[in-house]
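Engineer: Pasting a structure below so you can have a look.
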Amino acid sequence: MRNGRIDIRDSKPVPMSNAEAEPFQVRTGDVYVVRGNGSKNLCGLAGLISEELQGVVFPDLFIQVALPKDRVLPEFFVAAWNSSATRVVIEEKAKTTSGIWKINQGHILPTRIPVPPLPEQRRIVSELDALQAEVDALKRLQAETAAELAALLPALLDRA
């Protein structure tokens, strides 16, 4: 899970028939919350399935969130859920045993997020997507600059 998206290509095979796997099949638009993680700041994060592959099932470390999609956009829910205000609430509820931070459905259900009308949710998601694109572009530029500086250092040392 990265930036609110779940990469289903990073999966492992499990011995299940298609019939056994069907109830757990991930679908485009599904939302999951991380049930457990060794890092408290990753426990309880939400992620969206943006693509679907036959036979990919969600792991037991995820909790599926059933959204009323006629009232809440999955992309909006993930952004609101992963916001700093909600993270404070979730991290407060997380418990650890032997270094694994965990939450459960009982922690998720009473947690409230603001739900504006769908047109406002679409506007917010669009704005967040544009900001993420800018962040991604800046990260690429930073990586390119770091590579150029790394290549420049040996040349400078040779001249010195």
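Identifiers in the structure tokens: chain A, B, ... in order shown; residue index from 1 per chain; ligand index from 1 in order shown.
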For the strand (DSSP E) assignment from backbone DSSP, which residues of stretch 60-129 of chain A qualify? Please present them as a PyMOL selection string.
Structural biologist: chain A and resi 62-65+95-97+100-102
Engineer: For A:Leu128, find every residue with an atom within 12 Å (counting only C-alpha atoms), except residues of its own chain fewer than 2 positions away, and show them as an MDAnalysis selection string.
Structural biologist: chainID A and resid 3:4 75:76 78:80 83 121:126 130:135
Engineer: For the atom pair atom CA of A:Leu73 and atom CA of A:Leu118, what is the interatomic distance in Å to one decimal place?
Structural biologist: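 Computed distance, atom CA of A:Leu73 to atom CA of A:Leu118, equals 7.2 Å.
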Engineer: Contacts between stretch 10-14 of chain A and stretch 42-97 of chain A, please, where a residue of stretch 42-97 of chain A counts if it comes within 10 Å (with only C-alpha atoms); show its shortest atom pair and distance in Å to one decimal, rows by chain and ascending number, as a Markdown table.
Structural biologist:
```
| residue | atom | partner | partner_atom | distance |
| --- | --- | --- | --- | --- |
| A:Gly55 | CA | A:Pro13 | CA | 9.2 |
| A:Val56 | CA | A:Ser11 | CA | 7.5 |
| A:Val57 | CA | A:Ser11 | CA | 8.9 |
| A:Phe58 | CA | A:Ser11 | CA | 9.4 |
| A:Pro59 | CA | A:Ser11 | CA | 9.4 |
```
Engineer: Considering only C-alpha atoms, can you say which of A:His107, A:Arg5, A:Val72, A:Glu20 comes closest to A:Lys95?
Structural biologist: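 The shortest atom-to-atom distance to A:Lys95 comes from A:His107.
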Engineer: For A:Ser50, which residue among A:Ala94, A:Val31, A:Leu138, A:Val115 is the nearest when counting only C-alpha atoms?
Structural biologist: A:Val31
Engineer: Identify which of the residues A:Glu148, A:Glu91, A:Glu51, A:Asp30 lies closest to A:Lys69, counting only C-alpha atoms when measuring atom-to-atom distances.
Structural biologist: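 Looking at the shortest contact to A:Lys69, the residue is A:Asp30.
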Engineer: Which residue gives the smallest distance to A:Gln64 among A:Gly38, A:Pro117, A:Gly99, A:Pro23, with only C-alpha atoms counted?
Structural biologist: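 The closest residue to A:Gln64 is A:Pro23.
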Engineer: Restricting the calculation to only C-alpha atoms: of A:Ala147, A:Val26, A:Ile90, A:Ile100, which residue gets closest to A:Ser39?
Structural biologist: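 Selected residue with least distance to A:Ser39: A:Ile100.
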Engineer: Hey, what's within 10 Å of A:Asn104 if we count only C-alpha atoms and toss same-chain stuff fewer than 3 positions away? As a list in words, please?
Structural biologist: Val33, Val34, Arg35, Gly36, Gly44, Phe62, Ile63, Lys93, Ala94, Lys95, His107, Ile108 and Leu109 of chain A
Engineer: Write out the residues from the selection above, keeping C-alpha atoms, as an mmCIF file, in the first residue's frame.
Structural biologist:
```cif
data_model
loop_
_atom_site.group_PDB
_atom_site.id
_atom_site.type_symbol
_atom_site.label_atom_id
_atom_site.label_comp_id
_atom_site.auth_asym_id
_atom_site.auth_seq_id
_atom_site.Cartn_x
_atom_site.Cartn_y
_atom_site.Cartn_z
ATOM 1 C CA VAL A 33 -7.755 -0.755 6.085
ATOM 2 C CA VAL A 34 -4.496 -2.264 7.361
ATOM 3 C CA ARG A 35 -5.432 -4.337 10.418
ATOM 4 C CA GLY A 36 -1.915 -4.867 11.700
ATOM 5 C CA GLY A 44 -5.022 1.549 10.205
ATOM 6 C CA PHE A 62 -6.648 -6.068 5.701
ATOM 7 C CA ILE A 63 -10.175 -5.211 6.806
ATOM 8 C CA LYS A 93 -6.990 3.108 19.375
ATOM 9 C CA ALA A 94 -4.158 0.878 18.079
ATOM 10 C CA LYS A 95 -2.835 -1.705 20.522
ATOM 11 C CA HIS A 107 -12.105 0.575 16.194
ATOM 12 C CA ILE A 108 -13.144 1.412 12.631
ATOM 13 C CA LEU A 109 -16.938 1.490 12.920
#
```
Engineer: Under the rule that only C-alpha atoms are counted, which of A:Asp70, A:Asp7, A:Glu120, A:Glu144 is the nearest residue to A:Glu52?
Structural biologist: A:Asp7
Engineer: Just the alpha helix (DSSP H) stuff from stretch 22-110 of chain A, please, per backbone DSSP, written as a VMD selection string.
Structural biologist: chain A and resid 74 to 81 84 to 93 105 to 108
